[in-house]
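Asker: model_26.cif is the file, holding mmCIF, C-alpha atoms:
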```cif
data_target
#
loop_
_atom_site.label_atom_id
_atom_site.label_comp_id
_atom_site.auth_asym_id
_atom_site.auth_seq_id
_atom_site.Cartn_x
_atom_site.Cartn_y
_atom_site.Cartn_z
CA MET A 127 1.59 -9.59 -9.29
CA SER A 128 3.39 -7.93 -6.48
CA LEU A 129 1.27 -6.74 -3.64
CA TYR A 130 2.62 -3.98 -1.45
CA TYR A 131 0.97 -3.73 1.94
CA VAL A 132 1.11 -0.59 4.09
CA ARG A 133 -0.38 -0.32 7.54
CA HIS A 134 -1.89 3.13 8.10
CA GLY A 135 0.05 5.87 9.87
CA MET A 136 -0.14 6.56 13.59
CA THR A 137 -3.29 7.85 15.27
CA GLU A 138 -3.80 9.27 18.76
CA TRP A 139 -5.33 5.93 19.75
CA ASN A 140 -2.20 4.10 18.54
CA LYS A 141 -0.14 6.48 20.65
CA GLU A 142 -2.39 5.84 23.67
CA ARG A 143 -2.40 2.06 22.97
CA LYS A 144 -6.18 2.04 22.52
CA LEU A 145 -7.82 -0.67 20.45
CA GLN A 146 -9.30 0.95 17.33
CA GLY A 147 -11.01 -1.77 15.31
CA ASN A 148 -13.89 -0.23 13.36
CA SER A 149 -13.70 3.04 15.30
CA ASP A 150 -12.98 5.73 12.71
CA ILE A 151 -9.93 7.55 14.08
CA PRO A 152 -7.91 9.97 11.88
CA LEU A 153 -4.14 10.17 11.60
CA ASN A 154 -2.28 12.38 14.04
CA GLU A 155 0.63 14.62 13.00
CA THR A 156 3.11 11.75 13.41
CA GLY A 157 0.93 9.54 11.19
CA ILE A 158 0.80 12.21 8.50
CA GLN A 159 4.61 12.53 8.60
CA GLN A 160 4.96 8.72 8.45
CA ALA A 161 2.74 8.59 5.36
CA HIS A 162 4.87 11.25 3.63
CA GLU A 163 8.04 9.28 4.45
CA THR A 164 6.46 6.07 3.14
CA ARG A 165 5.40 7.91 -0.03
CA LYS A 166 9.10 8.43 -0.82
CA LEU A 167 9.67 4.65 -0.76
CA PHE A 168 7.33 4.30 -3.76
CA SER A 169 9.06 6.92 -5.93
CA ASN A 170 10.65 4.24 -8.16
CA ILE A 171 7.87 1.65 -8.05
CA ASN A 172 5.13 1.66 -10.65
CA ILE A 173 1.87 1.03 -8.80
CA ASP A 174 -1.05 0.14 -11.07
CA LYS A 175 -3.83 0.33 -8.50
CA VAL A 176 -4.29 1.35 -4.88
CA TYR A 177 -6.92 -0.21 -2.63
CA CYS A 178 -7.61 1.04 0.86
CA SER A 179 -9.86 0.46 3.82
CA PRO A 180 -12.86 2.79 4.14
CA LEU A 181 -11.68 3.91 7.60
CA THR A 182 -10.29 7.46 7.71
CA ARG A 183 -6.79 6.58 8.97
CA ALA A 184 -6.21 4.22 6.03
CA ARG A 185 -7.80 6.54 3.46
CA GLN A 186 -5.64 9.47 4.63
CA THR A 187 -2.52 7.31 4.42
CA ALA A 188 -3.43 6.07 0.92
CA GLU A 189 -4.15 9.60 -0.31
CA ILE A 190 -0.76 10.86 0.90
CA ILE A 191 1.20 7.89 -0.45
CA GLY A 192 -0.70 7.99 -3.74
CA GLN A 193 -0.12 11.69 -4.48
CA ASP A 194 2.55 10.96 -7.10
CA MET A 195 0.95 7.81 -8.48
CA ASP A 196 -0.94 7.87 -11.72
CA CYS A 197 -3.69 5.54 -10.58
CA LYS A 198 -7.03 5.55 -8.85
CA ILE A 199 -7.49 4.82 -5.14
CA VAL A 200 -10.32 2.34 -4.65
CA VAL A 201 -11.99 2.15 -1.26
CA GLU A 202 -12.69 -1.50 -0.40
CA LYS A 203 -14.91 -2.37 2.56
CA ARG A 204 -13.39 -5.85 2.91
CA LEU A 205 -10.15 -4.14 3.99
CA ALA A 206 -11.76 -2.58 7.08
CA GLU A 207 -10.25 -3.56 10.41
CA ARG A 208 -11.92 -6.27 12.45
CA CYS A 209 -14.69 -5.09 14.75
CA PHE A 210 -13.69 -5.67 18.39
CA GLY A 211 -17.11 -4.91 19.87
CA GLU A 212 -17.08 -3.53 23.41
CA PHE A 213 -13.26 -3.65 23.56
CA GLU A 214 -12.86 -0.80 21.04
CA GLY A 215 -11.46 2.26 22.76
CA THR A 216 -9.99 0.29 25.65
CA VAL A 217 -6.28 0.34 26.42
CA LEU A 218 -4.49 -2.74 25.10
CA GLY A 219 -3.45 -5.11 27.86
CA LYS A 220 -5.95 -3.78 30.39
CA ASN A 221 -8.76 -6.05 29.22
CA HIS A 222 -6.63 -9.18 29.84
CA VAL A 223 -8.17 -10.89 26.82
CA TYR A 224 -6.28 -12.23 23.83
CA LEU A 225 -7.91 -10.50 20.86
CA TRP A 226 -6.86 -12.85 18.07
CA SER A 227 -8.16 -16.27 19.15
CA PHE A 228 -9.81 -18.56 16.63
CA ASP A 229 -11.02 -20.85 19.43
CA LYS A 230 -13.44 -18.66 21.33
CA PRO A 231 -15.55 -15.59 20.57
CA LEU A 232 -14.07 -12.31 21.78
CA CYS A 233 -17.23 -10.61 23.03
CA PRO A 234 -20.73 -9.78 21.81
CA HIS A 235 -20.72 -7.72 18.61
CA ALA A 236 -17.08 -8.54 17.80
CA GLU A 237 -16.38 -10.01 14.37
CA ASP A 238 -15.56 -13.71 14.45
CA MET A 239 -11.91 -14.38 13.57
CA SER A 240 -12.68 -16.98 10.91
CA ASP A 241 -15.22 -14.65 9.28
CA PHE A 242 -12.70 -11.79 9.40
CA PHE A 243 -9.97 -13.87 7.74
CA ALA A 244 -12.43 -15.15 5.10
CA ARG A 245 -13.57 -11.58 4.32
CA VAL A 246 -10.04 -10.27 3.75
CA GLN A 247 -8.84 -13.34 1.87
CA SER A 248 -11.85 -13.25 -0.48
CA PHE A 249 -10.69 -9.80 -1.51
CA ILE A 250 -7.11 -11.00 -2.07
CA LYS A 251 -8.42 -13.83 -4.29
CA ASP A 252 -10.49 -11.33 -6.29
CA ILE A 253 -7.58 -8.98 -6.99
CA GLN A 254 -5.30 -11.87 -7.95
CA LYS A 255 -7.71 -12.75 -10.73
CA GLU A 256 -8.05 -9.15 -11.86
CA SER A 257 -4.39 -8.12 -11.67
CA GLU A 258 -2.24 -10.98 -12.88
CA GLU A 259 0.84 -8.95 -13.81
CA LYS A 260 0.36 -5.66 -11.96
CA ASN A 261 1.70 -4.00 -8.86
CA ILE A 262 -1.01 -3.38 -6.31
CA LEU A 263 -0.82 -1.29 -3.14
CA LEU A 264 -3.10 -2.10 -0.21
CA VAL A 265 -3.39 0.40 2.62
CA ALA A 266 -5.16 -1.04 5.61
CA HIS A 267 -4.69 -2.03 9.25
CA GLY A 268 -2.53 -4.13 11.53
CA GLY A 269 -5.22 -6.77 11.90
CA VAL A 270 -5.91 -6.95 8.16
CA TYR A 271 -2.23 -7.75 7.66
CA LEU A 272 -2.74 -11.12 9.39
CA PRO A 273 -5.07 -12.80 6.85
CA VAL A 274 -3.01 -11.33 4.00
CA HIS A 275 0.14 -12.81 5.52
CA GLU A 276 -1.62 -16.16 5.95
CA PHE A 277 -2.79 -16.11 2.32
CA TYR A 278 0.74 -15.66 0.99
CA TYR A 279 2.95 -17.38 3.54
CA GLY A 280 0.73 -19.44 5.80
CA LEU A 281 0.28 -18.80 9.50
CA ASP A 282 0.29 -20.76 12.70
CA ARG A 283 -3.07 -19.67 14.06
CA ASN A 284 -2.03 -20.78 17.56
CA MET A 285 0.92 -18.39 17.77
CA ASP A 286 0.73 -14.90 19.27
CA LEU A 287 -0.35 -13.12 16.10
CA MET A 288 0.51 -9.70 17.51
CA THR A 289 4.19 -10.56 17.09
CA ILE A 290 3.92 -10.23 13.30
CA VAL A 291 1.72 -7.13 13.05
CA PRO A 292 3.78 -4.41 11.34
CA GLU A 293 4.44 -0.97 12.79
CA ASN A 294 2.55 2.03 11.44
CA CYS A 295 3.41 2.85 7.80
CA THR A 296 5.62 -0.19 7.37
CA VAL A 297 5.77 -1.54 3.79
CA THR A 298 5.60 -5.29 3.20
CA LYS A 299 5.93 -6.82 -0.26
CA PHE A 300 4.03 -10.01 -1.03
CA ASP A 301 4.79 -11.76 -4.32
CA LYS A 302 2.34 -13.93 -6.18
CA ARG A 303 2.10 -17.36 -4.65
#
```
Mind turning this structure into structure tokens?

Answerer:
Amino acid sequence: MSLYYVRHGMTEWNKERKLQGNSDIPLNETGIQQAHETRKLFSNINIDKVYCSPLTRARQTAEIIGQDMDCKIVVEKRLAERCFGEFEGTVLGKNHVYLWSFDKPLCPHAEDMSDFFARVQSFIKDIQKESEEKNILLVAHGGVYLPVHEFYYGLDRNMDLMTIVPENCTVTKFDKR
């Protein structure tokens, strides 16, 4: 199985450097254009199934990219971005808190990092069983990329995880491990 991972296109909150998390923010015009450009990258790749986060920005991206694909788009709640509690909607860097620590809770109502990684990785395990020899496209979020990356390639959980989060509408290919 080859898994293709696409982070959703740009939103106004991305542009303003606001933390989105579970906040349901749609794509802006740039994000829509990015999704159309990314769609072209899949013109010669046979995708058997598309999974996407239930959040609008990921669903919009998946719908645009999947326009020429002869497969169903499945909305999967385990691909939703991590909930950042009271930090959602704040400008990144202004809260002076590292958002991706496994050592200490972020804030009340934020999803625990270990729980978040376990949620996403349980989904990856499930689709590996179901899709042994197929090409799968996941459309999700920058944060969701982290547990997927760890599943396939490992991850130093003590590093600054933001350094490996892909840009909007970037395609990453993960091959079966």

Asker: Apply the PyMOL selection byres ((chain A and resi 282-297) around 8) to the displayed file and report the matching residues as a list in words.

Answerer: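 When the PyMOL selection byres ((chain A and resi 282-297) around 8) is applied, the selected residues are Tyr130, Tyr131, Val132, Arg133, His134, Gly135, Met136, Gly157, Gln160, Ala161, Thr164, Trp226, Ser227, Phe228, Gly268, Gly269, Tyr271, Leu272, Gly280, Leu281, Thr298 and Lys299 of chain A.
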
Asker: If you count only C-alpha atoms, which residues fall within 10 Å of Gly192 of chain A, apart from same-chain ones fewer than 3 positions away, as a CSV table (one decimal) with C-alpha atoms, in the coordinates of the input?

Answerer:
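Contents of around-v8.csv, as written:
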```csv
chain,number,residue,atom,x,y,z
A,161,ALA,CA,2.7,8.6,5.4
A,162,HIS,CA,4.9,11.2,3.6
A,165,ARG,CA,5.4,7.9,0.0
A,168,PHE,CA,7.3,4.3,-3.8
A,173,ILE,CA,1.9,1.0,-8.8
A,175,LYS,CA,-3.8,0.3,-8.5
A,176,VAL,CA,-4.3,1.4,-4.9
A,186,GLN,CA,-5.6,9.5,4.6
A,187,THR,CA,-2.5,7.3,4.4
A,188,ALA,CA,-3.4,6.1,0.9
A,189,GLU,CA,-4.2,9.6,-0.3
A,195,MET,CA,1.0,7.8,-8.5
A,196,ASP,CA,-0.9,7.9,-11.7
A,197,CYS,CA,-3.7,5.5,-10.6
A,198,LYS,CA,-7.0,5.6,-8.8
A,199,ILE,CA,-7.5,4.8,-5.1
A,263,LEU,CA,-0.8,-1.3,-3.1
```

Asker: Please evaluate the PyMOL selection byres ((chain A and resi 212) around 12) against the structure above and give the resulting residues as a PyMOL selection string.

Answerer: chain A and resi 145-149+209-211+213-217+221+225+232-237

Asker: Give me, please, the distance in Å between atom CA of Glu258 of chain A and atom CA of Pro180 of chain A, quoted to one decimal.

Answerer: 24.3 Å

Asker: Fewer than 5 positions away in the same chain doesn't count, so skip those; otherwise give me all residues within 9 Å of Phe277 of chain A, counting only C-alpha atoms, as a list of chain:residue names.

Answerer: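 Skipping anything fewer than 5 positions along the chain leaves A:Gln247, A:Ile250, A:Lys251, A:Leu272, A:Arg303.
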
Asker: Take the PyMOL selection byres ((chain A and resi 218) around 6), apply it to the structure above, and return the hits as a list of chain:residue names.

Answerer: A:Arg143, A:Lys144, A:Val217, A:Gly219, A:Lys220

Asker: Between A:Glu138, A:Glu207, A:Asp301, A:Glu155, single out the one closest to Ile262 of chain A, counting only C-alpha atoms.

Answerer: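 That would be A:Asp301, the residue with the smallest distance to Ile262 of chain A.
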
Asker: Would you work out the distance separating atom CA of Trp139 of chain A from atom CA of Glu163 of chain A, expressed in Å to one decimal?

Answerer: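 Atom-to-atom, atom CA of Trp139 of chain A and atom CA of Glu163 of chain A are spaced 20.6 Å apart.
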
Asker: Let me make sure I understand: among A:His275, A:His267, A:Lys260, A:Lys230, which one has the smallest atom-to-atom distance to Thr137 of chain A if we use only C-alpha atoms?

Answerer: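 Smallest distance to Thr137 of chain A is found for A:His267.
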
Asker: Go ahead and compute the interatomic distance for atom CA of Ala244 of chain A and atom CA of Val265 of chain A, in Å to one decimal.

Answerer: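 Distance between the two atoms: 18.2 Å.
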
Asker: Out of A:Asp252, A:Asp194, A:Glu142, A:Asp150, which residue has the shortest atom-to-atom distance to Ala206 of chain A when counting all atoms listed in the file?

Answerer: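 Closest to Ala206 of chain A, using all atoms listed in the file: A:Asp150.
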
Asker: Return the single residue from A:Phe242, A:Pro152, A:Ala266, A:Phe300 that is closest to Val201 of chain A, with distances computed using all atoms listed in the file.

Answerer: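 Of A:Phe242, A:Pro152, A:Ala266, A:Phe300, the one nearest Val201 of chain A, counting all atoms listed in the file, is A:Ala266.
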
Asker: For Phe249 of chain A, which of A:Ala184, A:Asn261, A:Gln159, A:Ser179 is the closest residue, counting all atoms listed in the file?

Answerer: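 Between A:Ala184, A:Asn261, A:Gln159, A:Ser179, the residue approaching Phe249 of chain A most closely is A:Ser179.
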
Asker: Given the choices A:Ser248, A:Arg185, A:Lys141, A:Leu129, which gets closest to Val200 of chain A if the distance is worked out from all atoms listed in the file?

Answerer: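 Closest candidate: A:Arg185.
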
Asker: Should you be able to, write segment 131-146 of chain A of this structure into a file that contains N, CA and C atoms, as a compact mmCIF listing (two decimals), in the first residue's frame.

Answerer:
```txt
# COMPACT_ATOMS: atom_id res chain seq x y z
N TYR A 131 -0.39 11.49 1.59
CA TYR A 131 -0.91 12.38 2.62
C TYR A 131 -0.89 13.81 2.09
N VAL A 132 -2.03 14.49 2.20
CA VAL A 132 -2.11 15.89 1.80
C VAL A 132 -2.66 16.69 2.97
N ARG A 133 -1.92 17.71 3.34
CA ARG A 133 -2.44 18.67 4.32
C ARG A 133 -3.41 19.58 3.58
N HIS A 134 -4.49 19.96 4.23
CA HIS A 134 -5.50 20.81 3.60
C HIS A 134 -4.89 22.11 3.07
N GLY A 135 -5.64 22.76 2.19
CA GLY A 135 -5.23 24.05 1.65
C GLY A 135 -5.32 25.16 2.69
N MET A 136 -4.83 26.32 2.30
CA MET A 136 -4.76 27.46 3.22
C MET A 136 -6.14 27.98 3.61
N THR A 137 -6.23 28.44 4.85
CA THR A 137 -7.42 29.11 5.37
C THR A 137 -7.02 30.53 5.79
N GLU A 138 -8.01 31.35 6.10
CA GLU A 138 -7.70 32.69 6.61
C GLU A 138 -6.92 32.59 7.93
N TRP A 139 -7.26 31.60 8.75
CA TRP A 139 -6.54 31.45 10.02
C TRP A 139 -5.09 31.02 9.79
N ASN A 140 -4.83 30.20 8.77
CA ASN A 140 -3.43 29.89 8.43
C ASN A 140 -2.71 31.18 8.07
N LYS A 141 -3.34 31.97 7.23
CA LYS A 141 -2.75 33.23 6.77
C LYS A 141 -2.46 34.16 7.95
N GLU A 142 -3.35 34.18 8.93
CA GLU A 142 -3.20 35.05 10.11
C GLU A 142 -2.39 34.39 11.23
N ARG A 143 -1.90 33.18 10.97
CA ARG A 143 -1.11 32.39 11.93
C ARG A 143 -1.89 32.07 13.20
N LYS A 144 -3.21 31.84 13.05
CA LYS A 144 -4.05 31.47 14.19
C LYS A 144 -4.11 29.95 14.29
N LEU A 145 -4.11 29.47 15.51
CA LEU A 145 -4.20 28.04 15.78
C LEU A 145 -5.63 27.57 15.55
N GLN A 146 -5.80 26.60 14.63
CA GLN A 146 -7.14 26.15 14.26
C GLN A 146 -7.64 24.98 15.09
```
